[in-house]
Amino acid sequence: MYIKNQTFSDEDTLLEMIFDFALGEATEHITTITNGITAEMQESKELQAHLATLEEEDRLALEDEILQENLSRALMNDFKSFKVQDAKLYGVADGKETLLYSVDLH
């Protein structure tokens with residue numbers, strides 16, 4: 001994990017930050033989005049049928065990848081840019097910063 005202070009607005013960097021910050025503490029905003037994505041994934045009969053054909057390690061990796069990609073898309077819709085400062089990830093929209101994740105690096 002390498003978290004440095006920066007501001008960005010691209011989805012590729014956001015995906016990297018989601019991966020890094022997933023080890024930390026998610027806020028209610030993130031939890032609400034991920035719960036919705038997880039429910040949609042569980043309701044998808046096609047996805048569940050495909051996952052059932054995979055070995056556990058591959059299934060877990062694919063589920064995580066789908067979750068992170070959908071979370072990234074949802075956050076890109078909610079915010080104009082993102083900011084990492086003091087081991088915290090913020091979404092920025094209309095001049096307002098919303099805390100998304102925090103990591104205790106100590």
# chains A, B, ... in the order shown; residues from 1 in each chain; ligands from 1
>>> residues_around(residues="Leu47 in chain A", least_positions_apart="5", cutoff="12 Å", atoms="only C-alpha atoms", output="ChimeraX atom specification")
/A:38-42,52-54,59,62-63,66
>>> write_last_selection(atoms="C-alpha atoms", output="PDB file, in the first residue's frame")
ATOM      1  CA  THR A  38     -23.542  -6.610  -3.092  1.00  0.00           C
ATOM      2  CA  ALA A  39     -27.338  -6.983  -3.116  1.00  0.00           C
ATOM      3  CA  GLU A  40     -27.423  -6.451  -6.903  1.00  0.00           C
ATOM      4  CA  MET A  41     -24.678  -9.035  -7.352  1.00  0.00           C
ATOM      5  CA  GLN A  42     -26.570 -11.573  -5.244  1.00  0.00           C
ATOM      6  CA  ALA A  52     -20.673 -21.193  -8.914  1.00  0.00           C
ATOM      7  CA  THR A  53     -18.408 -22.606 -11.642  1.00  0.00           C
ATOM      8  CA  LEU A  54     -15.270 -21.046 -10.135  1.00  0.00           C
ATOM      9  CA  ARG A  59     -14.731 -16.569  -7.067  1.00  0.00           C
ATOM     10  CA  LEU A  62     -13.912 -11.859  -9.144  1.00  0.00           C
ATOM     11  CA  GLU A  63     -16.503 -10.746  -6.599  1.00  0.00           C
ATOM     12  CA  ILE A  66     -16.763  -6.460  -9.573  1.00  0.00           C
TER      13      ILE A  66
END
>>> residues_around(residues="Gly91 in chain A", least_positions_apart="4", cutoff="6 Å", atoms="only C-alpha atoms", output="PyMOL selection string")
chain A and resi 79+82+97-98
>>> select_by_dssp(residues="chain A", states="alpha helix (DSSP H)", output="NGL selection string")
:A and (11-21 or 28-43 or 45-52 or 56-78)
>>> write_last_selection(atoms="C-alpha atoms", output="short mmCIF file (atom, residue, chain, number, x, y, z; two decimals), in the first residue's frame")
data_model
loop_
_atom_site.label_atom_id
_atom_site.label_comp_id
_atom_site.auth_asym_id
_atom_site.auth_seq_id
_atom_site.Cartn_x
_atom_site.Cartn_y
_atom_site.Cartn_z
CA GLU A 11 -11.17 6.35 -12.50
CA ASP A 12 -7.92 4.37 -12.78
CA THR A 13 -6.36 6.22 -9.83
CA LEU A 14 -9.63 5.91 -7.91
CA LEU A 15 -9.58 2.13 -8.39
CA GLU A 16 -6.02 2.02 -7.02
CA MET A 17 -7.06 4.13 -4.03
CA ILE A 18 -10.13 1.97 -3.37
CA PHE A 19 -7.87 -1.08 -3.33
CA ASP A 20 -5.47 0.60 -0.89
CA PHE A 21 -8.12 2.13 1.34
CA GLU A 28 -21.31 5.08 6.03
CA HIS A 29 -21.35 6.55 2.51
CA ILE A 30 -19.12 3.73 1.22
CA THR A 31 -20.93 1.07 3.24
CA THR A 32 -24.29 2.11 1.80
CA ILE A 33 -22.99 1.93 -1.77
CA THR A 34 -21.21 -1.40 -1.28
CA ASN A 35 -24.28 -2.94 0.38
CA GLY A 36 -26.35 -1.95 -2.65
CA ILE A 37 -23.79 -3.36 -5.07
CA THR A 38 -23.54 -6.61 -3.09
CA ALA A 39 -27.34 -6.98 -3.12
CA GLU A 40 -27.42 -6.45 -6.90
CA MET A 41 -24.68 -9.03 -7.35
CA GLN A 42 -26.57 -11.57 -5.24
CA GLU A 43 -29.76 -10.96 -7.24
CA LYS A 45 -28.79 -15.15 -11.46
CA GLU A 46 -26.35 -15.03 -14.38
CA LEU A 47 -23.50 -13.79 -12.18
CA GLN A 48 -24.28 -16.28 -9.43
CA ALA A 49 -24.35 -19.14 -11.95
CA HIS A 50 -20.95 -18.08 -13.29
CA LEU A 51 -19.48 -17.70 -9.80
CA ALA A 52 -20.67 -21.19 -8.91
CA GLU A 56 -13.32 -20.36 -4.16
CA GLU A 57 -10.17 -18.23 -4.57
CA ASP A 58 -11.13 -17.22 -8.12
CA ARG A 59 -14.73 -16.57 -7.07
CA LEU A 60 -13.67 -14.28 -4.22
CA ALA A 61 -11.25 -12.40 -6.47
CA LEU A 62 -13.91 -11.86 -9.14
CA GLU A 63 -16.50 -10.75 -6.60
CA ASP A 64 -14.03 -8.25 -5.16
CA GLU A 65 -13.11 -6.95 -8.61
CA ILE A 66 -16.76 -6.46 -9.57
CA LEU A 67 -17.49 -4.73 -6.27
CA GLN A 68 -14.52 -2.34 -6.62
CA GLU A 69 -15.33 -1.48 -10.25
CA ASN A 70 -18.97 -0.76 -9.45
CA LEU A 71 -17.98 1.24 -6.36
CA SER A 72 -15.58 3.26 -8.50
CA ARG A 73 -18.32 4.03 -11.05
CA ALA A 74 -20.75 5.07 -8.33
CA LEU A 75 -18.17 7.38 -6.75
CA MET A 76 -17.28 8.88 -10.14
CA ASN A 77 -20.99 9.75 -10.50
CA ASP A 78 -21.17 11.28 -7.01
#
>>> residues_around(residues="Glu25 in chain A", least_positions_apart="2", cutoff="9 Å", atoms="only C-alpha atoms", output="list in words")
Phe21, Ala22, Leu23, Thr27, Leu100, Tyr101, Ser102, Val103 and Asp104 of chain A
>>> write_last_selection(atoms="N, CA and C atoms", output="PDB file, in the first residue's frame")
ATOM      1  N   PHE A  21      -7.326   1.715   0.187  1.00  0.00           N
ATOM      2  CA  PHE A  21      -8.117   2.133   1.340  1.00  0.00           C
ATOM      3  C   PHE A  21      -9.084   1.066   1.822  1.00  0.00           C
ATOM      4  N   ALA A  22      -9.322   0.022   1.033  1.00  0.00           N
ATOM      5  CA  ALA A  22     -10.203  -1.064   1.471  1.00  0.00           C
ATOM      6  C   ALA A  22      -9.665  -1.737   2.726  1.00  0.00           C
ATOM      7  N   LEU A  23      -8.368  -1.574   2.983  1.00  0.00           N
ATOM      8  CA  LEU A  23      -7.766  -2.122   4.198  1.00  0.00           C
ATOM      9  C   LEU A  23      -8.083  -1.266   5.423  1.00  0.00           C
ATOM     10  N   THR A  27     -16.494   4.673   5.467  1.00  0.00           N
ATOM     11  CA  THR A  27     -17.535   5.499   6.077  1.00  0.00           C
ATOM     12  C   THR A  27     -18.909   4.933   5.721  1.00  0.00           C
ATOM     13  N   LEU A 100     -14.510   9.407   2.737  1.00  0.00           N
ATOM     14  CA  LEU A 100     -14.912   8.101   2.237  1.00  0.00           C
ATOM     15  C   LEU A 100     -14.242   6.957   2.990  1.00  0.00           C
ATOM     16  N   TYR A 101     -12.940   7.083   3.211  1.00  0.00           N
ATOM     17  CA  TYR A 101     -12.154   6.056   3.900  1.00  0.00           C
ATOM     18  C   TYR A 101     -11.090   6.719   4.749  1.00  0.00           C
ATOM     19  N   SER A 102     -10.661   6.015   5.778  1.00  0.00           N
ATOM     20  CA  SER A 102      -9.483   6.445   6.543  1.00  0.00           C
ATOM     21  C   SER A 102      -8.672   5.204   6.897  1.00  0.00           C
ATOM     22  N   VAL A 103      -7.359   5.392   6.969  1.00  0.00           N
ATOM     23  CA  VAL A 103      -6.448   4.302   7.300  1.00  0.00           C
ATOM     24  C   VAL A 103      -5.535   4.779   8.403  1.00  0.00           C
ATOM     25  N   ASP A 104      -5.396   3.945   9.428  1.00  0.00           N
ATOM     26  CA  ASP A 104      -4.449   4.230  10.497  1.00  0.00           C
ATOM     27  C   ASP A 104      -3.115   3.632  10.099  1.00  0.00           C
TER      28      ASP A 104
END
